[in-house]
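Report on the structure given below.
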Amino acid sequence: MAAAALFLLGVTGAALLSQHLEPVSESGEPVLFVVSPGESLRTVVARLESQGLVRDARVASGWARWKGLAGSLKVGEYRISPTSSVAEILDQIARGAVATYEVSIPEGLTAVEIGRRIAEAELVDEAAFAAAVRDPELAAKLGVPASHLEGYLLPETYRMPRGLSAEDVATLLVEHFMEVWGELEPKARERELSLHEVATLASIVEKETGAAPERPLIASVFHNRLGRGMRLESDPTIIYGIPDFDGNLRRRDLDNAANPYNTYQIPGLPPGPIASPGRAALEAVVDPAESDFLFFVSRNDGTHHFSKTYREHARMVDRYQRRRGRK
């Protein structure tokens, strides 16, 4: 009888242990759970129990120690489902499978605007990101041929965890840019264009583009002008070089030769990118359309009229800009 009782007790104990390792619920939404620096296994499992994510903290702690996970729990923010078992939950935390958040960065934003957008998603401190972008040591470390990261933060939709440093976030964006550059570099070499030249010209193409299909044509205009020794005469470059631009480009701005980004006054490309170009703009620069166009003017509907001669361009400016201003 005693042996039978001990056997039944063991079976019952094993069944109870197994039950304590099972999910607390068959349904339910994931719960945000944060593992903070310095937290012990005992503290973590106690909070998991208090938040209704495990049935018994002592059993969870014992299971973690048996599996060798006691010192492997990673700091971070996790989405933990009440439908997950103890094994699944602790494995998730040990792997560092943290919660991530989506942030979309459109083409043509400046580094300051990108920092603001990521900060609004509560994924980085805006001031810290601005400092990282301006850090010449970080730029050199990432292989950026400039003293800052303007133009090298690839526009894309990202998923990031909270808790990354500003340097980590900037690095993520630059590394994506460099991946695209690696694909485009052979065509850039064929045109004898450096990384910085491609990034700079692509940023101008990006800011001048209203309709995405026009990027290769706009790139061709700038290539043609550079090839003939003509100035680029791009308004967005001037605007980038004006501190606290008020939205009104004046004649004195066009005449200001002290602005290093004034492509009405300086020959060739400006000192560096004026915004973050996307993949399509970068591709347009290394593989532009074949054209004889030297000018373009906005039709005021997002598209442009392209011209081969200044005479034709002047007529189009009169049609689309001056007459519009007289209405």
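Simple scheme: letters A, B, ... for chains in structure tokens order, numbers from 1 for residues in each chain, numbers from 1 for ligands in the order shown.
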**Asked** How would you write, as a VMD selection string, the set of residues in segment 19-250 of chain A that DSSP gives as strand (DSSP E)?
**Response** chain A and resid 31 to 35 76 to 80 101 to 104 157 to 160
Those same residues - N, CA and C atoms - I'd like them written as a short mmCIF file (atom, residue, chain, number, x, y, z; two decimals), in the first residue's frame.
```
data_model
loop_
_atom_site.label_atom_id
_atom_site.label_comp_id
_atom_site.auth_asym_id
_atom_site.auth_seq_id
_atom_site.Cartn_x
_atom_site.Cartn_y
_atom_site.Cartn_z
N VAL A 31 0.96 40.67 -24.01
CA VAL A 31 1.18 41.69 -22.98
C VAL A 31 2.61 42.20 -23.11
N LEU A 32 2.79 43.52 -23.00
CA LEU A 32 4.15 44.07 -23.01
C LEU A 32 4.82 43.80 -21.67
N PHE A 33 5.98 43.22 -21.72
CA PHE A 33 6.72 42.84 -20.51
C PHE A 33 8.17 43.28 -20.69
N VAL A 34 8.68 44.06 -19.73
CA VAL A 34 10.02 44.62 -19.83
C VAL A 34 10.96 43.94 -18.86
N VAL A 35 12.08 43.45 -19.37
CA VAL A 35 13.16 42.94 -18.53
C VAL A 35 14.19 44.04 -18.42
N GLY A 76 15.20 43.92 -22.32
CA GLY A 76 14.42 44.41 -23.45
C GLY A 76 12.93 44.39 -23.18
N GLU A 77 12.17 44.80 -24.19
CA GLU A 77 10.72 44.85 -24.12
C GLU A 77 10.15 43.72 -24.97
N TYR A 78 9.28 42.91 -24.39
CA TYR A 78 8.76 41.71 -25.07
C TYR A 78 7.24 41.76 -25.15
N ARG A 79 6.74 41.19 -26.25
CA ARG A 79 5.30 40.94 -26.35
C ARG A 79 5.10 39.47 -26.01
N ILE A 80 4.53 39.23 -24.84
CA ILE A 80 4.38 37.85 -24.36
C ILE A 80 2.91 37.48 -24.34
N TYR A 101 8.89 47.87 -33.48
CA TYR A 101 7.89 48.85 -33.89
C TYR A 101 8.24 49.36 -35.28
N GLU A 102 7.21 49.60 -36.08
CA GLU A 102 7.42 50.01 -37.47
C GLU A 102 7.50 51.52 -37.58
N VAL A 103 8.46 51.99 -38.36
CA VAL A 103 8.56 53.41 -38.69
C VAL A 103 8.93 53.53 -40.16
N SER A 104 8.17 54.34 -40.89
CA SER A 104 8.40 54.52 -42.32
C SER A 104 9.08 55.86 -42.57
N THR A 157 10.93 51.38 -44.83
CA THR A 157 10.13 51.05 -43.65
C THR A 157 10.95 50.09 -42.78
N TYR A 158 11.17 50.50 -41.55
CA TYR A 158 12.00 49.73 -40.63
C TYR A 158 11.17 49.21 -39.46
N ARG A 159 11.64 48.13 -38.89
CA ARG A 159 11.10 47.66 -37.62
C ARG A 159 12.25 47.68 -36.62
N MET A 160 12.06 48.40 -35.51
CA MET A 160 13.11 48.56 -34.51
C MET A 160 12.58 48.28 -33.12
#
```
Dump as CSV the rows for residues of segment 135-168 of chain A within 8 Å of segment 122-125 of chain A: closest atom pair and distance in Å with one decimal, only C-alpha atoms counted, ordered by chain and rising residue number.
```
residue,atom,partner,partner_atom,distance
A:Met160,CA,A:Leu123,CA,7.3
A:Pro161,CA,A:Leu123,CA,7.2
A:Arg162,CA,A:Leu123,CA,5.3
A:Gly163,CA,A:Leu123,CA,7.1
A:Leu164,CA,A:Val124,CA,7.2
A:Ser165,CA,A:Val124,CA,7.0
A:Ala166,CA,A:Val124,CA,6.0
```
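The neighbours of Asn256 of chain A here are the residues that come within 12 Å of it, using only C-alpha atoms and leaving out any residue fewer than 5 positions away in the same chain; they are A:Ile238, A:Ile239, A:Gly241, A:Ile242, A:Leu249, A:Arg250, A:Arg251, A:Tyr261, A:Asn262, A:Thr263, A:Tyr264, A:Gln265, A:Ile266.
Shortest atom-to-atom contact with Phe293 of chain A among A:Pro271, A:Ala280, A:Ser220, A:Ser18: A:Ser220, counting only C-alpha atoms.
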**Request:** Could you tell me how far atom CA of Pro277 of chain A lies from atom CA of Glu107 of chain A, in Å and to one decimal?
**Result:** 5.7 Å
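Every residue of segment 67-127 of chain A found in helix (DSSP H, G or I) when DSSP is run on the backbone appears here: Val86, Ala87, Glu88, Ile89, Leu90, Asp91, Gln92, Ile93, Ala94, Arg95, Ala111, Val112, Glu113, Ile114, Gly115, Arg116, Arg117, Ile118, Ala119, Glu120, Glu126 and Ala127 of chain A.
The two atoms in question, atom CA of Pro243 of chain A and atom CA of Pro106 of chain A, are spaced 22.5 Å apart.
Going from atom CA of Leu195 of chain A over to atom CA of Pro288 of chain A, you cover 16.1 Å.
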**Message:** Give me, as a list in words, all polymer residues having an atom no more than 7 Å from Pro273 of chain A, counting only C-alpha atoms and skipping those fewer than 6 positions away in the same chain.
**Reply:** Glu150, Gly151, Ala199, Thr200 and Ser203 of chain A
Atoms kept (C-alpha atoms) for selection, written as a short mmCIF file (atom, residue, chain, number, x, y, z; two decimals), in the first residue's frame:
```
data_model
loop_
_atom_site.label_atom_id
_atom_site.label_comp_id
_atom_site.auth_asym_id
_atom_site.auth_seq_id
_atom_site.Cartn_x
_atom_site.Cartn_y
_atom_site.Cartn_z
CA GLU A 150 23.27 63.52 -44.39
CA GLY A 151 22.15 61.66 -47.52
CA ALA A 199 24.59 60.23 -53.09
CA THR A 200 24.77 63.98 -53.73
CA SER A 203 19.53 63.64 -53.35
#
```
**Nearest candidate to Ala119 of chain A (options A:Val133, A:Ile274, A:Val169, A:Ala97; using only C-alpha atoms)** = A:Val169
**Message:** At a cut-off of 12 Å, using only C-alpha atoms, what residues contact Thr43 of chain A? Leave out same-chain residues fewer than 6 positions from it and give the result as a PyMOL selection string.
**Reply:** chain A and resi 34-37+49-50+57-58+60-61+70+73
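If only C-alpha atoms are the atoms counted, then among A:Pro23, A:Pro236, A:Pro260, A:Gly268 the closest residue to Asn224 of chain A is A:Gly268.
Proximity ranking of A:Thr237, A:His223, A:Arg315, A:Glu113 relative to Ser291 of chain A places A:His223 first, based on only C-alpha atoms.
Taking only C-alpha atoms, the non-local environment of segment 178-193 of chain A within 10 Å (same-chain residues fewer than 2 positions away omitted) comprises Leu142, Gly143, Val144, Tyr152, Leu153, Leu154, Leu173, Val174, Glu175, His176, Leu195, His196, Glu197, Val198, Ala199, Gly278, Arg279, Leu282, Glu283, Val285, Val286 and Asp287 of chain A.
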Save out the residues we just selected, C-alpha atoms, as a compact mmCIF listing (two decimals), in the first residue's frame.
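The resulting file, out.txt, is shown below:
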```txt
# COMPACT_ATOMS: atom_id res chain seq x y z
CA LEU A 142 30.47 53.44 -41.31
CA GLY A 143 32.48 54.17 -44.45
CA VAL A 144 30.68 57.42 -45.26
CA TYR A 152 23.28 58.25 -46.28
CA LEU A 153 20.22 57.35 -44.18
CA LEU A 154 18.27 55.12 -46.54
CA LEU A 173 19.93 53.20 -41.73
CA VAL A 174 23.43 53.73 -43.12
CA GLU A 175 24.08 49.99 -43.39
CA HIS A 176 20.94 49.63 -45.50
CA LEU A 195 29.89 57.14 -53.76
CA HIS A 196 29.66 60.76 -52.58
CA GLU A 197 28.88 62.03 -56.07
CA VAL A 198 26.11 59.47 -56.51
CA ALA A 199 24.59 60.23 -53.09
CA GLY A 278 15.81 56.36 -52.02
CA ARG A 279 16.86 53.37 -54.08
CA LEU A 282 20.19 56.25 -56.68
CA GLU A 283 19.40 53.89 -59.57
CA VAL A 285 21.76 58.51 -61.20
CA VAL A 286 23.84 55.47 -62.14
CA ASP A 287 21.48 54.46 -64.96
```
